[in-house]
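K.L.:
The structure file work_26.txt (compact mmCIF, C-alpha atoms and all ligand atoms) is provided below.
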```
# COMPACT_ATOMS: atom_id res chain seq x y z
CA MET A 1 0.00 0.00 0.00
CA ASP A 2 1.27 3.46 -0.89
CA THR A 3 1.74 5.31 2.36
CA THR A 4 3.29 8.41 0.82
CA LEU A 5 1.54 11.76 0.86
CA THR A 6 0.72 12.81 -2.70
CA VAL A 7 1.54 16.49 -3.16
CA LEU A 8 0.36 18.05 -6.41
CA SER A 9 2.10 21.34 -7.26
CA VAL A 10 0.59 23.73 -9.79
CA VAL A 11 2.72 26.19 -11.77
CA GLY A 12 1.65 28.42 -14.62
CA ALA A 13 3.50 31.69 -15.06
CA ARG A 14 7.15 32.67 -15.06
CA PRO A 15 7.65 33.58 -11.38
CA ASN A 16 5.94 30.38 -10.24
CA PHE A 17 8.80 28.20 -11.39
CA MET A 18 11.40 29.73 -9.06
CA LYS A 19 9.05 29.52 -6.08
CA THR A 20 8.01 25.91 -6.57
CA ALA A 21 11.22 24.30 -7.92
CA PRO A 22 12.98 23.97 -4.55
CA VAL A 23 9.87 22.44 -2.94
CA VAL A 24 9.52 19.87 -5.72
CA ALA A 25 13.23 19.05 -5.39
CA GLU A 26 12.84 18.58 -1.63
CA LEU A 27 9.76 16.35 -2.05
CA ASN A 28 11.68 14.25 -4.56
CA ARG A 29 14.54 13.88 -2.06
CA ARG A 30 12.11 12.23 0.38
CA PRO A 31 10.43 9.50 -1.73
CA ASP A 32 9.60 7.37 1.30
CA GLU A 33 7.33 10.12 2.54
CA PHE A 34 6.07 11.90 -0.57
CA THR A 35 4.89 11.40 -4.12
CA SER A 36 5.30 14.66 -6.06
CA ILE A 37 3.11 15.46 -9.05
CA LEU A 38 3.73 18.60 -11.12
CA VAL A 39 1.03 20.32 -13.18
CA HIS A 40 1.89 23.14 -15.61
CA THR A 41 -1.21 25.11 -16.55
CA GLY A 42 0.44 26.66 -19.63
CA GLN A 43 -0.58 30.22 -18.68
CA HIS A 44 2.89 31.09 -19.96
CA TYR A 45 3.79 29.09 -23.04
CA ASP A 46 6.60 30.84 -24.95
CA GLU A 47 9.92 29.02 -24.64
CA ALA A 48 11.45 32.14 -23.05
CA MET A 49 8.57 32.50 -20.57
CA SER A 50 8.27 28.88 -19.51
CA GLN A 51 10.34 26.00 -20.92
CA ILE A 52 13.69 27.60 -20.21
CA PHE A 53 12.82 27.84 -16.50
CA VAL A 54 11.77 24.21 -16.34
CA GLU A 55 15.12 23.24 -17.88
CA GLU A 56 17.35 25.62 -15.94
CA LEU A 57 15.79 24.88 -12.58
CA GLY A 58 15.76 21.13 -13.11
CA ILE A 59 12.12 20.74 -12.05
CA GLY A 60 11.65 17.89 -14.51
CA ALA A 61 8.96 17.69 -17.16
CA PRO A 62 5.49 18.32 -15.73
CA ASP A 63 3.33 15.23 -15.21
CA HIS A 64 0.35 17.13 -16.64
CA THR A 65 0.15 20.19 -18.89
CA LEU A 66 -3.11 22.03 -19.32
CA GLY A 67 -2.33 24.37 -22.24
CA VAL A 68 -4.58 27.20 -21.03
CA GLY A 69 -2.59 29.96 -22.79
CA SER A 70 -3.62 33.62 -22.91
CA GLY A 71 -7.06 35.14 -22.53
CA SER A 72 -9.04 37.55 -20.40
CA GLN A 73 -8.79 37.22 -16.62
CA ALA A 74 -11.96 35.15 -16.51
CA GLN A 75 -11.11 32.99 -19.53
CA GLN A 76 -7.68 32.11 -18.21
CA THR A 77 -8.95 31.32 -14.71
CA ALA A 78 -11.90 29.34 -16.04
CA ARG A 79 -9.72 27.24 -18.34
CA VAL A 80 -7.40 26.40 -15.45
CA MET A 81 -10.42 25.38 -13.38
CA GLU A 82 -12.02 23.16 -16.01
CA ARG A 83 -8.83 21.40 -16.97
CA LEU A 84 -7.30 21.05 -13.52
CA GLU A 85 -10.51 19.56 -12.13
CA GLN A 86 -10.06 16.54 -14.40
CA VAL A 87 -6.49 16.04 -13.19
CA LEU A 88 -7.39 16.40 -9.52
CA LEU A 89 -10.22 13.90 -9.87
CA LYS A 90 -7.83 11.42 -11.47
CA VAL A 91 -4.81 11.92 -9.21
CA ALA A 92 -6.73 12.53 -5.96
CA PRO A 93 -3.78 14.23 -4.25
CA ASP A 94 -3.61 14.70 -0.48
CA VAL A 95 -2.49 18.32 -0.84
CA VAL A 96 -2.39 20.90 -3.64
CA LEU A 97 0.48 23.38 -3.49
CA VAL A 98 0.10 26.74 -5.22
CA PRO A 99 2.68 29.54 -5.37
CA GLY A 100 2.30 33.30 -5.55
CA ASP A 101 -0.61 35.23 -7.02
CA VAL A 102 -1.11 34.59 -10.72
CA ASN A 103 -4.37 33.54 -12.36
CA SER A 104 -3.26 29.89 -12.34
CA THR A 105 -2.91 30.14 -8.55
CA LEU A 106 -6.48 31.39 -8.22
CA GLY A 107 -7.98 28.84 -10.61
CA ALA A 108 -6.19 25.97 -8.87
CA SER A 109 -7.28 27.14 -5.42
CA LEU A 110 -10.95 27.38 -6.39
CA VAL A 111 -10.97 23.89 -7.87
CA ALA A 112 -9.03 22.22 -5.05
CA SER A 113 -11.15 23.79 -2.35
CA LYS A 114 -14.42 22.63 -3.96
CA LEU A 115 -13.02 19.10 -4.17
CA GLU A 116 -12.12 19.46 -0.47
CA ILE A 117 -8.42 18.94 -1.10
CA PRO A 118 -6.29 20.94 1.37
CA ILE A 119 -4.31 23.78 -0.22
CA GLY A 120 -0.83 24.91 0.76
CA HIS A 121 -0.07 28.46 -0.40
CA ILE A 122 3.58 29.33 -0.96
CA GLU A 123 4.13 33.10 -0.44
CA ALA A 124 0.91 33.63 1.52
CA GLY A 125 -0.11 36.82 3.30
CA LEU A 126 1.33 39.46 0.95
CA ARG A 127 -0.99 42.45 0.45
CA SER A 128 -0.71 45.58 -1.67
CA PHE A 129 -4.19 46.68 -0.48
CA ASP A 130 -4.86 47.58 -4.10
CA ARG A 131 -7.72 45.58 -5.54
CA SER A 132 -7.24 47.06 -8.99
CA MET A 133 -4.40 44.52 -9.29
CA PRO A 134 -5.60 41.06 -10.37
CA GLU A 135 -2.82 39.61 -8.21
CA GLU A 136 -4.29 41.13 -5.03
CA ILE A 137 -7.62 39.42 -5.66
CA ASN A 138 -5.82 36.18 -6.41
CA ARG A 139 -3.86 36.41 -3.13
CA VAL A 140 -6.84 37.23 -0.93
CA VAL A 141 -8.98 34.41 -2.32
CA THR A 142 -6.17 31.86 -2.27
CA ASP A 143 -5.26 32.69 1.32
CA THR A 144 -8.91 32.43 2.41
CA LEU A 145 -9.18 28.98 0.88
CA SER A 146 -5.81 27.61 2.09
CA GLU A 147 -5.21 25.25 5.00
CA LEU A 148 -1.47 25.85 5.13
CA LEU A 149 -0.22 29.41 4.67
CA PHE A 150 3.52 29.48 4.11
CA ILE A 151 4.76 33.01 4.72
CA HIS A 152 8.11 34.67 4.25
CA SER A 153 7.83 37.99 6.03
CA PRO A 154 6.43 39.02 9.40
CA GLU A 155 3.81 41.51 8.16
CA ALA A 156 2.02 38.57 6.53
CA VAL A 157 0.94 37.44 10.01
CA ASP A 158 -0.84 40.77 10.61
CA ASN A 159 -2.40 40.77 7.15
CA LEU A 160 -3.79 37.26 7.58
CA THR A 161 -4.88 37.71 11.18
CA ARG A 162 -6.81 40.83 10.19
CA GLU A 163 -8.68 38.72 7.63
CA GLY A 164 -9.63 36.21 10.31
CA ILE A 165 -7.22 33.43 9.39
CA ALA A 166 -6.39 31.19 12.35
CA ALA A 167 -2.83 31.45 13.66
CA ASP A 168 -2.29 27.68 13.55
CA LYS A 169 -2.63 27.71 9.76
CA ILE A 170 0.23 30.21 9.35
CA HIS A 171 3.79 28.91 9.01
CA MET A 172 6.77 31.24 8.81
CA VAL A 173 9.05 29.20 6.57
CA GLY A 174 11.08 31.75 4.62
CA ASN A 175 11.37 32.53 0.96
CA THR A 176 11.53 29.72 -1.60
CA MET A 177 12.38 32.14 -4.42
CA ILE A 178 15.54 32.94 -2.47
CA ASP A 179 16.17 29.17 -2.08
CA THR A 180 16.39 29.04 -5.86
CA LEU A 181 18.70 32.04 -5.95
CA VAL A 182 21.00 30.58 -3.28
CA ALA A 183 21.12 27.21 -5.05
CA MET A 184 21.81 28.77 -8.45
CA LEU A 185 24.22 31.52 -7.38
CA PRO A 186 27.39 29.65 -8.38
CA ARG A 187 25.96 29.07 -11.88
CA ILE A 188 24.67 32.65 -12.05
CA GLU A 189 28.12 34.01 -11.17
CA ALA A 190 29.92 31.65 -13.56
CA LEU A 191 27.66 32.69 -16.43
CA ASP A 192 29.11 36.22 -16.36
CA MET A 193 26.47 37.89 -18.50
CA PRO A 194 28.05 41.34 -18.12
CA GLY A 195 31.29 39.93 -19.59
CA ARG A 196 29.44 38.17 -22.40
CA MET A 197 27.53 41.32 -23.26
CA GLU A 198 30.70 43.44 -23.01
CA LEU A 199 29.25 45.49 -20.18
CA GLU A 200 31.37 46.86 -17.39
CA ARG A 201 29.97 45.92 -13.98
CA GLY A 202 28.23 48.87 -12.34
CA SER A 203 27.93 50.74 -15.64
CA TYR A 204 24.41 49.68 -16.56
CA VAL A 205 20.82 49.65 -15.33
CA VAL A 206 18.47 46.69 -15.92
CA VAL A 207 14.78 47.39 -16.61
CA THR A 208 11.70 45.15 -16.51
CA LEU A 209 8.15 46.48 -16.95
CA HIS A 210 5.10 44.34 -17.60
CA ARG A 211 2.19 45.25 -15.33
CA PRO A 212 -1.08 46.34 -16.99
CA ALA A 213 -1.24 49.54 -14.89
CA LEU A 214 1.99 50.65 -16.49
CA VAL A 215 2.23 49.09 -19.91
CA ASP A 216 -1.39 48.99 -21.07
CA GLY A 217 -1.73 52.78 -21.29
CA PRO A 218 0.18 55.98 -22.07
CA LEU A 219 2.60 55.58 -19.13
CA LEU A 220 4.72 53.16 -21.12
CA ALA A 221 5.70 55.83 -23.66
CA ASP A 222 6.54 58.20 -20.78
CA ALA A 223 8.69 55.50 -19.21
CA MET A 224 10.57 54.97 -22.48
CA LEU A 225 11.32 58.70 -22.72
CA ALA A 226 12.61 58.76 -19.14
CA LEU A 227 14.76 55.68 -19.81
CA GLU A 228 16.33 57.46 -22.77
CA GLU A 229 17.43 60.17 -20.37
CA VAL A 230 18.92 57.59 -17.98
CA ALA A 231 20.73 56.15 -21.00
CA THR A 232 22.83 59.31 -21.23
CA LYS A 233 24.48 58.24 -17.93
CA TYR A 234 24.13 54.44 -17.79
CA THR A 235 23.72 51.78 -20.42
CA VAL A 236 20.06 50.74 -20.14
CA ILE A 237 19.27 47.06 -20.74
CA PHE A 238 15.58 46.17 -21.04
CA PRO A 239 14.55 42.53 -21.62
CA VAL A 240 10.97 42.99 -22.81
CA HIS A 241 8.03 40.85 -21.61
CA PRO A 242 5.74 39.79 -24.52
CA ARG A 243 2.85 41.81 -23.07
CA THR A 244 5.02 44.95 -23.13
CA ARG A 245 6.53 44.16 -26.53
CA ALA A 246 3.03 44.11 -28.02
CA ARG A 247 2.42 47.63 -26.74
CA LEU A 248 5.76 49.28 -27.45
CA PRO A 249 5.53 51.78 -30.24
CA ASP A 250 7.88 51.02 -33.13
CA ARG A 251 10.46 53.62 -32.41
CA PRO A 252 13.95 52.92 -33.69
CA ARG A 253 15.05 56.08 -31.86
CA VAL A 254 14.45 54.22 -28.59
CA ASP A 255 16.35 51.18 -29.78
CA ARG A 256 19.44 53.31 -30.26
CA SER A 257 19.87 54.36 -26.62
CA VAL A 258 17.87 51.80 -24.68
CA ARG A 259 18.83 48.21 -25.47
CA LEU A 260 15.62 46.25 -25.93
CA LEU A 261 16.13 42.48 -25.67
CA ASP A 262 13.91 39.43 -25.76
CA PRO A 263 12.88 37.97 -22.37
CA MET A 264 15.77 36.12 -20.75
CA GLY A 265 16.10 32.85 -18.90
CA TYR A 266 16.45 32.92 -15.14
CA LEU A 267 20.21 32.35 -14.98
CA GLU A 268 21.01 34.92 -17.65
CA PHE A 269 18.73 37.51 -16.12
CA MET A 270 20.02 37.11 -12.57
CA SER A 271 23.61 37.18 -13.83
CA LEU A 272 22.85 40.48 -15.56
CA VAL A 273 21.24 41.88 -12.39
CA LEU A 274 24.24 40.83 -10.30
CA GLY A 275 26.50 43.21 -12.22
CA ALA A 276 24.02 46.09 -12.49
CA ALA A 277 24.30 49.52 -10.88
CA GLY A 278 20.57 49.33 -10.26
CA VAL A 279 17.29 47.86 -11.44
CA VAL A 280 14.10 49.64 -12.49
CA THR A 281 11.10 47.31 -12.29
CA ASP A 282 7.41 46.78 -11.59
CA SER A 283 7.93 43.10 -10.78
CA GLY A 284 7.23 41.61 -7.37
CA GLY A 285 9.93 38.94 -7.27
CA ILE A 286 12.72 41.21 -8.45
CA GLN A 287 12.16 43.46 -5.43
CA GLU A 288 13.04 40.43 -3.30
CA GLU A 289 15.92 39.13 -5.38
CA THR A 290 17.65 42.54 -5.44
CA THR A 291 17.18 42.84 -1.67
CA PHE A 292 18.97 39.52 -1.24
CA LEU A 293 21.77 40.55 -3.63
CA GLY A 294 22.11 44.10 -2.27
CA ILE A 295 21.45 45.72 -5.67
CA PRO A 296 19.57 49.06 -5.60
CA CYS A 297 16.02 48.52 -6.88
CA PHE A 298 13.58 51.24 -8.00
CA THR A 299 10.01 50.07 -8.20
CA LEU A 300 7.66 51.85 -10.54
CA ARG A 301 4.50 51.21 -8.60
CA ALA A 302 2.30 53.17 -6.21
CA ASN A 303 2.48 50.38 -3.62
CA THR A 304 4.20 47.12 -2.87
CA GLU A 305 2.98 43.92 -1.25
CA ARG A 306 6.60 43.45 -0.20
CA PRO A 307 7.24 46.39 2.19
CA ILE A 308 10.05 44.46 3.90
CA THR A 309 12.17 45.03 0.77
CA CYS A 310 11.85 48.80 1.35
CA GLY A 311 12.25 48.65 5.14
CA LEU A 312 15.24 46.30 5.31
CA GLY A 313 16.38 45.87 1.75
CA THR A 314 17.43 47.90 -1.23
CA ASN A 315 14.03 48.68 -2.69
CA LYS A 316 12.64 52.18 -3.21
CA LEU A 317 9.12 52.89 -4.47
CA LEU A 318 9.07 55.55 -7.19
CA GLY A 319 5.27 55.54 -7.49
CA LEU A 320 3.43 54.95 -10.74
CA GLU A 321 5.25 57.99 -12.08
CA PRO A 322 7.48 57.19 -15.05
CA GLU A 323 9.07 60.65 -15.09
CA ARG A 324 10.69 59.76 -11.75
CA ILE A 325 12.85 57.23 -13.61
CA THR A 326 15.04 60.23 -14.49
CA GLU A 327 16.02 60.42 -10.79
CA VAL A 328 17.53 56.93 -10.89
CA PRO A 329 21.19 57.91 -11.56
CA ALA A 330 21.20 60.25 -8.54
CA LEU A 331 19.34 57.70 -6.43
CA ILE A 332 21.88 54.99 -7.30
CA ALA A 333 24.65 57.23 -5.98
CA GLY A 334 22.71 57.68 -2.70
CA ALA A 335 21.76 54.00 -2.45
CA ARG A 336 25.38 52.86 -2.49
CA ALA A 337 25.96 54.52 0.87
CA ARG A 338 23.00 52.73 2.49
CA SER A 339 23.43 49.28 3.99
CA SER A 340 20.73 46.67 3.58
CA THR A 341 19.82 43.52 5.47
CA VAL A 342 18.47 40.22 4.21
CA PRO A 343 15.17 39.40 5.97
CA ASP A 344 15.03 36.47 8.41
CA LEU A 345 14.78 33.00 6.86
CA TRP A 346 15.65 34.20 3.36
CA ASP A 347 18.44 31.69 3.72
CA GLY A 348 18.10 29.01 1.06
CA ALA A 349 16.35 26.49 3.34
CA ALA A 350 12.67 27.49 3.12
CA ALA A 351 11.60 24.48 1.02
CA GLY A 352 12.91 22.10 3.67
CA ARG A 353 10.76 23.86 6.26
CA ILE A 354 7.68 23.64 4.01
CA VAL A 355 8.18 19.94 3.47
CA ASP A 356 8.65 19.42 7.22
CA VAL A 357 5.24 21.01 7.76
CA LEU A 358 3.76 18.74 5.07
CA SER A 359 5.26 15.70 6.73
CA ARG A 360 3.20 16.49 9.84
CA LEU A 361 0.08 16.05 7.67
CA ARG A 362 1.33 12.57 6.89
CA ALA A 363 1.44 11.74 10.56
CA ARG A 364 -2.19 12.80 11.07
C1 LIG B 1 1.34 37.17 -15.30
C2 LIG B 1 0.81 37.41 -13.88
C3 LIG B 1 1.70 38.43 -13.18
C4 LIG B 1 3.15 38.04 -13.25
C5 LIG B 1 3.54 37.81 -14.70
C6 LIG B 1 4.97 37.40 -14.86
C7 LIG B 1 -1.64 37.20 -13.66
C8 LIG B 1 -2.89 37.96 -13.43
N1 LIG B 1 -0.55 37.95 -13.90
O1 LIG B 1 1.20 38.40 -16.02
O2 LIG B 1 1.30 38.51 -11.83
O3 LIG B 1 3.93 39.06 -12.68
O4 LIG B 1 2.68 36.79 -15.22
O5 LIG B 1 5.31 37.39 -16.23
O6 LIG B 1 -1.64 35.99 -13.60
N2 LIG B 1 2.28 36.22 -23.50
C9 LIG B 1 3.00 35.63 -24.51
N3 LIG B 1 3.65 34.46 -24.25
C10 LIG B 1 3.62 33.88 -23.02
C11 LIG B 1 2.87 34.51 -22.01
C12 LIG B 1 2.23 35.66 -22.26
O7 LIG B 1 3.06 36.12 -25.62
O8 LIG B 1 4.24 32.81 -22.84
C13 LIG B 1 1.60 37.50 -23.79
C14 LIG B 1 0.21 37.32 -24.32
O9 LIG B 1 -0.04 38.35 -25.20
C15 LIG B 1 -0.65 37.50 -23.10
C16 LIG B 1 0.15 38.54 -22.31
O10 LIG B 1 1.51 38.25 -22.59
O11 LIG B 1 -1.93 37.90 -23.40
C17 LIG B 1 -0.09 38.51 -20.85
O12 LIG B 1 0.14 37.21 -20.31
P1 LIG B 1 -0.64 36.74 -19.00
O13 LIG B 1 -0.23 35.37 -18.61
O14 LIG B 1 -2.09 37.02 -19.14
O15 LIG B 1 -0.16 37.76 -17.89
P2 LIG B 1 1.26 38.44 -17.60
O16 LIG B 1 1.20 39.84 -18.01
O17 LIG B 1 2.40 37.60 -18.08
```
Mind turning the file's structure into structure tokens?
P.N.:
Amino acid sequence: MDTTLTVLSVVGARPNFMKTAPVVAELNRRPDEFTSILVHTGQHYDEAMSQIFVEELGIGAPDHTLGVGSGSQAQQTARVMERLEQVLLKVAPDVVLVPGDVNSTLGASLVASKLEIPIGHIEAGLRSFDRSMPEEINRVVTDTLSELLFIHSPEAVDNLTREGIAADKIHMVGNTMIDTLVAMLPRIEALDMPGRMELERGSYVVVTLHRPALVDGPLLADAMLALEEVATKYTVIFPVHPRTRARLPDRPRVDRSVRLLDPMGYLEFMSLVLGAAGVVTDSGGIQEETTFLGIPCFTLRANTERPITCGLGTNKLLGLEPERITEVPALIAGARARSSTVPDLWDGAAAGRIVDVLSRLRAR
């Protein structure tokens, strides 16, 4: 008789892979206790947005792929729900693990909860308090439906407690995205992207912008103008998310001073960040990764669900105000003088702590 606990992990979009990979690896290291099943919803499907992460992070080919692709918020979530339900009925896992806050996370949580399968949420308790972001809705609903809330920063306890979530469901385990970074750091350093791209370390700024609030309207053009100004002082390297690429005006003028690249794999991107003078972003995960690496980060958002990266780390909120990008060269000079601290339990061992919590379920 199989006495292992079957843990089904759902990934779908780029940042999910880094958060889930170390947990899957840890489950696979303990085959006497666990059977690990991986489901890829296919929310992200381009090679550069998906397959490269699966390969680089050594997660192994998914056991099930759902091919949901792009669509409206509702279409994407609904497709995840319909297709994942079939898999959950067949596999009948003991636990479903979902990371982060993307639409795949939400769809998976709704389906698992209705089938009465306990949910473990990796990166629970983050709040931007901005419900115009789809991610905020995804987080709130997923946390409400989860049995195990794996958190990585102390303010998550307050956020969850305020929403009436019982303390015994909350587990401070640390940051699995940082587990991936710690595990990959030797490869990231050895890759030497600055050298390969003939960039002097500290002479360039890396940019990522992809959120609807910024790229779906006129702010994107303002941001490009401001980046051109930064490019008079630093080389500006901008790997462009497909959503952003579709909305960028065809302006060769921009190409001349701001280097627009295709999306990069995880190792290449982190190696580039490691040599950067600073990063301009609207990403969530990059605020954390730069905090860990001590690289100045300037976040082009009105709020962050990761305030610890501003309090302890290297992150500074610029607001949703693209013209403030022009301040970045001066801010980099100021940021160098400031010391930063890595938050507690962002230590490379979070996945082990998650799997220890799961092993207690086995004993029940
Ligand atoms: C999603 C997440 C966001 C996360 C981001 C990381 C939601 C609500 N948003 O946003 O939280 O920060 O992933 O990238 O889940 N596209 C491609 N190829 C792909 C994937 C997307 O061309 O492989 C294009 C399509 O035009 C698609 C658009 O990008 O319509 C947006 O993709 P989608 O998955 O809806 O959301 P992201 O903007 O990537």
K.L.:
If you take every atom of ligand LIG 1 (chain B) that the file lists and fit an axis-aligned box around them with 3 Å extra on each side, what centre and edge lengths come out in Å to one decimal, as lines of an AutoDock Vina configuration file?
P.N.:
```
center_x = 1.2
center_y = 36.3
center_z = -18.7
size_x = 14.2
size_y = 13.0
size_z = 19.8
```
K.L.:
Step by step, measure atom-to-atom distances between ligand LIG 1 (chain B) and each residue using all atoms listed in the file, keep those at most 7 Å, then write them as number ranges by chain.
P.N.:
A: 13-15, 43-46, 49-50, 70-71, 73, 101-104, 134-135, 210-212, 241-243, 283-284
K.L.:
Which one is closest to Asp32 of chain A: A:Asp130, A:Glu289, A:Asp2, A:Asp344? Count only C-alpha atoms.
P.N.:
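Nearest to Asp32 of chain A: A:Asp2.
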K.L.:
Which polymer residues, whether protein, DNA or RNA, lie within 9 Å of the coordinate (-4.1, 44.3, 3.8) when you count all atoms listed in the file? List them as number ranges by chain, using the chain letters and numbers from the file.
P.N.:
A: 125-130, 140, 156, 158-160, 162-163, 305
K.L.:
So how far away is atom CA of Ala166 of chain A from atom CA of Ala349 of chain A, in Å?
P.N.:
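Going from atom CA of Ala349 of chain A over to atom CA of Ala166 of chain A, I get 24.9 Å.
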K.L.:
Using all atoms listed in the file, find the one residue out of A:Arg131, A:Arg362, A:Arg247, A:Arg259 that sits nearest to Leu214 of chain A.
P.N.:
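Under the stated criterion, the closest residue is A:Arg247.
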